[in-house]
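Participant: Okay, here's the structure, questions in a sec.
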Amino acid sequence: MTPDTLILGAGIAGLSVAWRLLRSGQRVVVLERGEAGRESSWAGGGILSPLLPWDYPESLTTLALRSMTAYAPWVGDIEAAAGRHAEYWRCGMLALDVAGVDQALAWCTAHGMAAEGTPSRSFTLSPALPPQGGGGQTVWLPDVAQVRNPRLTAALRVAVEARGGRVVEHCAATGVRARGRRVTAVETGAGTFPADSVVMATGAWSGLGLAGLARAPNVRPIRGQMLLFKLEPGVLDTILYRDGLYLIPRRDGHVLVGSTLEDVGFDKATDAATRARMHAAAAELLPALTSVQPVQHWAGLRPGAPDNIPIIDRHPDFDNVFVNAGHFRYGVTLAPASAELLAALIDGTAPPLDPTPYRWQAALERRWGGGS
Ligand SMILES: Cc1cc2nc3c(=O)[nH]c(=O)nc-3n(C[C@H](O)[C@H](O)[C@H](O)COP(=O)(O)OP(=O)(O)OC[C@H]3O[C@@H](n4cnc5c(N)ncnc54)[C@H](O)[C@@H]3O)c2cc1C
């Protein structure tokens with residue numbers, strides 16, 4: 001059987017496209033080099049919003065707000081199909097030491113995002129920090145949600161299979177066979193897979209391309225280190241952000257601390273100096289972390305693209321090859337809306353939003369750098 005669509009990469013970008021295409025009746029096979037959902041989509045934090053949303057280009061905001069609105073029912077459908085929970089939690093985010101609070105609040109109002117300069121609730125923070133009830137340099141975003149990203153990708157994989165999709169692990173795509181402007185099959189170490197259309201969702205590895213596809217999207221790996229702590233449940237009940245560092249509570253008492261932005265190629269090493277620096281900065285915000293050691297320290301490779309704007313487009317050289325990659329810091333957040341846009345491009349239906357900013361060519365014209 002030739003599947004309608006062959007998807008390369010079983011991270012959140014590939015699995016969410018598979019889920020979306022299955023819902024419109026397509027047959028789908030996902031090829032994964034390693035194990036499904038074990039790269040960036042596992043390593044990240046699962047915050048469902050840009051960190052300081054007012055810091056980003058409007059095209060990132062458009063995609064993010066569309067996804068954030070869709071997220072709760074999207075996760076609900078996946079959970080129902082999979083029979084598993086992904087721990088979607090609208091826990092809010094408190095941003096501290098924000099420069100230009102008035103402009104940030106005005107941006108939130110203009111974009112329909114709930115925000116308070118004087119939080120209407122209190123928080124368990126370090127006594128060394130300024131009181132959080134009195135306004136100043138604080139922005140409280142009560143509607144920001146999070147999801148337990150490893151559980152979401154695990155649920156997505158089960159949901160995809162429950163709907164008749166196939167996920168083939170330990171099956172790296174190495175090249176394509178093409179006839180004119182159409183790819184007819186994808187070659188892997190485990191054989192050749194025929195395809196009507198192909199989606200490249202190979203995360204940080206998308207920029208490496210494939211044999212037979214001369215051009216690759218403008219994506220490169222950006223390493224992020226994360227620490228994981230275990231406290232009693234309830235010690236922290238909101239996301240905290242200050243000066244590039246964030247703390248994410250999980251319902252069971254785990255607290256994630258992230259992250260670094262390191263342009264070091266395909267290297268997932270961690271280092272003791274970063275661990276000590278992040279631990280000290282996190283304990284400044286949450287004193288309960290002072291006397292405990294991280295239970296885990298890891299690094300993941302984000303699929304970096306200029307300005308954090310993903311590439312959701314057709315390949316310039318092939319009519320039936322598509323790309324859903326380069327979601328950089330916000331691939332978990334952007335998953336539902338990105339999959340919706342890509343599915344419209346594949347189906348040839350009206351795109352749900354203007355696709356221009358996410359074009360292959362637009363990414364080539366942007367400069368690297370920028371974004372908090
Ligand atoms: C430390 C850190 C913190 C983050 N925090 C957040 C956050 O709080 N909120 C948020 O929204 N986002 C966050 N992100 C970003 C988010 O995790 C990524 O943008 C997202 O996971 C990218 O998904 P992906 O499917 O494109 O990539 P991946 O999850 O990396 O999946 C790509 C898959 O393709 C496979 N693959 C590669 N080459 C091939 C091949 N040739 N053949 C077959 N398969 C192949 C890989 O093995 C991999 O499984 C964070 C990322 C990191 C690293």
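Residue numbers start at 1 in each chain; chains themselves are named A, B, ... in the order of the structure tokens; ligands are numbered from 1 in the order shown.
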Mind listing the residues within 7 Å of ligand 1, only C-alpha atoms and all ligand atoms counted, as a ChimeraX atom specification?

Facilitator: /A:8-14,31-49,171-174,201-206,223-226,258-259,299-303,325-334

Participant: Would you list the contacts of range 83-88 of chain A as a short mmCIF file (atom, residue, chain, number, x, y, z; two decimals) with C-alpha atoms, in the first residue's frame, taking every protein, DNA or RNA residue within 12 Å and counting only C-alpha atoms, but skipping same-chain residues closer than 2 positions in sequence?

Facilitator:
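Ended up saving to around-v7.cif:
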data_model
loop_
_atom_site.label_atom_id
_atom_site.label_comp_id
_atom_site.auth_asym_id
_atom_site.auth_seq_id
_atom_site.Cartn_x
_atom_site.Cartn_y
_atom_site.Cartn_z
CA GLY A 46 6.06 22.44 27.53
CA ILE A 47 5.22 26.10 28.20
CA LEU A 48 2.41 26.96 25.80
CA MET A 68 -2.87 28.62 22.24
CA TYR A 71 -4.72 23.80 22.58
CA ALA A 72 -7.10 22.58 25.30
CA PRO A 73 -9.59 20.91 22.92
CA TRP A 74 -6.74 19.67 20.70
CA VAL A 75 -5.10 17.90 23.67
CA GLY A 76 -8.52 16.68 24.82
CA ASP A 77 -9.14 14.93 21.48
CA ILE A 78 -5.69 13.34 21.53
CA GLU A 79 -6.17 12.15 25.11
CA ALA A 80 -9.55 10.68 24.26
CA ALA A 81 -8.14 8.78 21.25
CA ARG A 90 -3.48 26.52 32.77
CA CYS A 91 -1.06 27.45 35.59
CA GLY A 92 -0.26 31.03 34.49
CA VAL A 144 -0.65 30.84 30.03
CA ALA A 145 -0.83 27.05 30.07
CA GLN A 146 1.67 24.20 29.95
CA VAL A 147 1.59 20.57 28.93
CA ARG A 148 3.78 17.67 30.03
CA ASN A 149 5.44 17.45 26.64
CA PRO A 150 6.86 13.89 26.87
CA ARG A 151 3.38 12.69 27.79
CA LEU A 152 1.81 14.68 24.97
CA THR A 153 4.07 13.19 22.29
CA ALA A 154 3.55 9.70 23.76
CA ALA A 155 -0.23 10.25 23.65
CA LEU A 156 -0.03 11.65 20.11
CA ARG A 157 1.83 8.58 18.92
CA VAL A 158 -0.80 6.27 20.43
CA ALA A 159 -3.60 8.43 19.01
CA ALA A 162 -5.33 4.27 17.08
CA PRO A 249 6.04 23.27 38.09
CA ARG A 250 4.47 19.90 37.38
CA ARG A 251 1.45 18.69 39.35
CA ASP A 252 3.48 15.95 41.07
CA VAL A 332 5.20 22.48 21.39
CA THR A 333 3.18 25.71 21.49
#

Participant: I'd like the contact shell of Val235 in chain A - 9 Å cut-off, only C-alpha atoms, skipping same-chain residues fewer than 4 positions apart - returned as a ChimeraX atom specification.

Facilitator: /A:124,231,249,253,288

Participant: Check the DSSP output for the backbone and give back, as a short mmCIF file (atom, residue, chain, number, x, y, z; two decimals) with N, CA, C and O atoms, in the first residue's frame, the residues of range 88-221 of chain A in alpha helix (DSSP H).

Facilitator:
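Saved as result.cif:
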data_model
loop_
_atom_site.label_atom_id
_atom_site.label_comp_id
_atom_site.auth_asym_id
_atom_site.auth_seq_id
_atom_site.Cartn_x
_atom_site.Cartn_y
_atom_site.Cartn_z
N VAL A 101 7.03 47.56 31.23
CA VAL A 101 5.79 46.87 31.60
C VAL A 101 4.57 47.51 30.94
O VAL A 101 3.68 46.79 30.46
N ASP A 102 4.53 48.83 30.87
CA ASP A 102 3.35 49.48 30.29
C ASP A 102 3.15 49.05 28.84
O ASP A 102 2.04 48.75 28.41
N GLN A 103 4.25 49.01 28.07
CA GLN A 103 4.16 48.59 26.67
C GLN A 103 3.75 47.11 26.60
O GLN A 103 2.97 46.72 25.73
N ALA A 104 4.30 46.31 27.51
CA ALA A 104 3.96 44.88 27.51
C ALA A 104 2.46 44.69 27.78
O ALA A 104 1.80 43.90 27.09
N LEU A 105 1.95 45.43 28.75
CA LEU A 105 0.52 45.30 29.08
C LEU A 105 -0.34 45.79 27.91
O LEU A 105 -1.37 45.19 27.59
N ALA A 106 0.10 46.87 27.27
CA ALA A 106 -0.66 47.40 26.12
C ALA A 106 -0.65 46.37 24.98
O ALA A 106 -1.66 46.15 24.31
N TRP A 107 0.48 45.71 24.78
CA TRP A 107 0.58 44.67 23.74
C TRP A 107 -0.40 43.55 24.05
O TRP A 107 -1.13 43.08 23.17
N CYS A 108 -0.46 43.14 25.31
CA CYS A 108 -1.36 42.04 25.70
C CYS A 108 -2.81 42.44 25.45
O CYS A 108 -3.60 41.65 24.90
N THR A 109 -3.16 43.67 25.80
CA THR A 109 -4.54 44.12 25.57
C THR A 109 -4.85 44.09 24.08
O THR A 109 -5.90 43.59 23.66
N ALA A 110 -3.91 44.59 23.28
CA ALA A 110 -4.15 44.65 21.82
C ALA A 110 -4.28 43.26 21.21
O ALA A 110 -4.92 43.09 20.18
N ASN A 149 5.15 17.74 28.04
CA ASN A 149 5.44 17.45 26.64
C ASN A 149 5.81 15.99 26.35
O ASN A 149 5.34 15.45 25.35
N PRO A 150 6.60 15.30 27.20
CA PRO A 150 6.86 13.89 26.87
C PRO A 150 5.57 13.07 26.86
O PRO A 150 5.41 12.16 26.06
N ARG A 151 4.65 13.43 27.76
CA ARG A 151 3.38 12.69 27.79
C ARG A 151 2.51 13.04 26.59
O ARG A 151 1.76 12.20 26.09
N LEU A 152 2.60 14.29 26.14
CA LEU A 152 1.81 14.68 24.97
C LEU A 152 2.28 13.93 23.73
O LEU A 152 1.47 13.39 22.97
N THR A 153 3.60 13.88 23.51
CA THR A 153 4.07 13.19 22.29
C THR A 153 3.79 11.69 22.39
O THR A 153 3.45 11.06 21.38
N ALA A 154 3.88 11.13 23.61
CA ALA A 154 3.55 9.70 23.76
C ALA A 154 2.07 9.48 23.44
O ALA A 154 1.71 8.53 22.74
N ALA A 155 1.21 10.38 23.91
CA ALA A 155 -0.23 10.25 23.65
C ALA A 155 -0.51 10.44 22.16
O ALA A 155 -1.32 9.71 21.57
N LEU A 156 0.17 11.40 21.54
CA LEU A 156 -0.03 11.65 20.11
C LEU A 156 0.32 10.41 19.29
O LEU A 156 -0.39 10.05 18.36
N ARG A 157 1.41 9.78 19.65
CA ARG A 157 1.83 8.58 18.92
C ARG A 157 0.76 7.49 19.02
O ARG A 157 0.38 6.88 18.02
N VAL A 158 0.25 7.29 20.24
CA VAL A 158 -0.80 6.27 20.43
C VAL A 158 -2.06 6.66 19.67
O VAL A 158 -2.71 5.83 19.03
N ALA A 159 -2.39 7.96 19.70
CA ALA A 159 -3.60 8.43 19.01
C ALA A 159 -3.46 8.24 17.50
O ALA A 159 -4.41 7.82 16.82
N VAL A 160 -2.28 8.54 16.97
CA VAL A 160 -2.03 8.35 15.53
C VAL A 160 -2.23 6.88 15.16
O VAL A 160 -2.90 6.55 14.17
N GLU A 161 -1.68 5.99 15.98
CA GLU A 161 -1.81 4.56 15.67
C GLU A 161 -3.26 4.09 15.85
O GLU A 161 -3.74 3.27 15.08
N ALA A 162 -3.93 4.65 16.85
CA ALA A 162 -5.33 4.27 17.08
C ALA A 162 -6.21 4.66 15.88
O ALA A 162 -7.20 4.00 15.60
#

Participant: What parts of range 4-79 of chain A does DSSP call strand (DSSP E or B)? I'd like the answer as a ChimeraX atom specification.

Facilitator: /A:5-8,28-31,47

Participant: Would you mind exporting the chosen residues as a CSV table (one decimal), in the first residue's frame, restricted to all heavy atoms?

Facilitator:
chain,number,residue,atom,x,y,z
A,5,THR,N,0.5,10.0,2.6
A,5,THR,CA,1.6,10.9,3.0
A,5,THR,C,2.6,10.1,3.9
A,5,THR,O,2.2,9.4,4.8
A,5,THR,CB,1.1,12.1,3.8
A,5,THR,OG1,0.2,12.8,2.9
A,5,THR,CG2,2.2,13.0,4.2
A,6,LEU,N,3.9,10.3,3.6
A,6,LEU,CA,5.0,9.7,4.4
A,6,LEU,C,5.6,10.9,5.1
A,6,LEU,O,6.0,11.9,4.5
A,6,LEU,CB,6.0,9.1,3.4
A,6,LEU,CG,7.0,8.1,3.9
A,6,LEU,CD1,6.3,6.9,4.5
A,6,LEU,CD2,7.9,7.7,2.7
A,7,ILE,N,5.6,10.8,6.5
A,7,ILE,CA,6.2,11.9,7.3
A,7,ILE,C,7.5,11.4,7.9
A,7,ILE,O,7.6,10.3,8.4
A,7,ILE,CB,5.1,12.2,8.4
A,7,ILE,CG1,3.8,12.7,7.8
A,7,ILE,CG2,5.7,13.2,9.4
A,7,ILE,CD1,2.7,12.8,8.8
A,8,LEU,N,8.5,12.3,7.7
A,8,LEU,CA,9.8,12.0,8.2
A,8,LEU,C,10.0,12.7,9.5
A,8,LEU,O,10.0,13.9,9.6
A,8,LEU,CB,10.9,12.4,7.2
A,8,LEU,CG,10.6,12.0,5.7
A,8,LEU,CD1,11.8,12.4,4.9
A,8,LEU,CD2,10.4,10.5,5.7
A,28,VAL,N,-1.4,7.5,6.5
A,28,VAL,CA,-0.1,8.1,6.9
A,28,VAL,C,0.8,7.1,7.5
A,28,VAL,O,0.4,6.2,8.2
A,28,VAL,CB,-0.5,9.2,8.0
A,28,VAL,CG1,0.7,9.7,8.7
A,28,VAL,CG2,-1.2,10.4,7.4
A,29,VAL,N,2.1,7.3,7.1
A,29,VAL,CA,3.2,6.5,7.7
A,29,VAL,C,4.2,7.5,8.2
A,29,VAL,O,4.6,8.4,7.5
A,29,VAL,CB,3.8,5.5,6.7
A,29,VAL,CG1,5.0,4.8,7.4
A,29,VAL,CG2,2.8,4.4,6.3
A,30,VAL,N,4.7,7.3,9.4
A,30,VAL,CA,5.7,8.2,10.0
A,30,VAL,C,7.0,7.4,10.2
A,30,VAL,O,7.0,6.3,10.8
A,30,VAL,CB,5.3,8.8,11.4
A,30,VAL,CG1,6.3,9.8,11.9
A,30,VAL,CG2,3.9,9.4,11.3
A,31,LEU,N,8.1,7.9,9.6
A,31,LEU,CA,9.4,7.2,9.7
A,31,LEU,C,10.2,8.0,10.8
A,31,LEU,O,10.4,9.2,10.6
A,31,LEU,CB,10.1,7.2,8.4
A,31,LEU,CG,9.4,6.6,7.2
A,31,LEU,CD1,10.3,6.6,6.0
A,31,LEU,CD2,8.9,5.1,7.5
A,47,ILE,N,6.0,24.8,28.0
A,47,ILE,CA,5.2,26.1,28.2
A,47,ILE,C,4.5,26.4,26.9
A,47,ILE,O,5.1,26.3,25.8
A,47,ILE,CB,6.2,27.3,28.5
A,47,ILE,CG1,7.0,27.0,29.8
A,47,ILE,CG2,5.4,28.6,28.7
A,47,ILE,CD1,8.1,28.0,30.1

Participant: Set the distance at 8 Å and use only C-alpha atoms: which residues neighbour range 360-365 of chain A once local chain neighbours fewer than 6 positions away are removed? I'd like the list as a list in words.

Facilitator: Pro217, Asn218, Ala305, Pro306, Ile309, Pro310, Ile311, Ile312, Asp313, Arg314, His315 and Pro316 of chain A
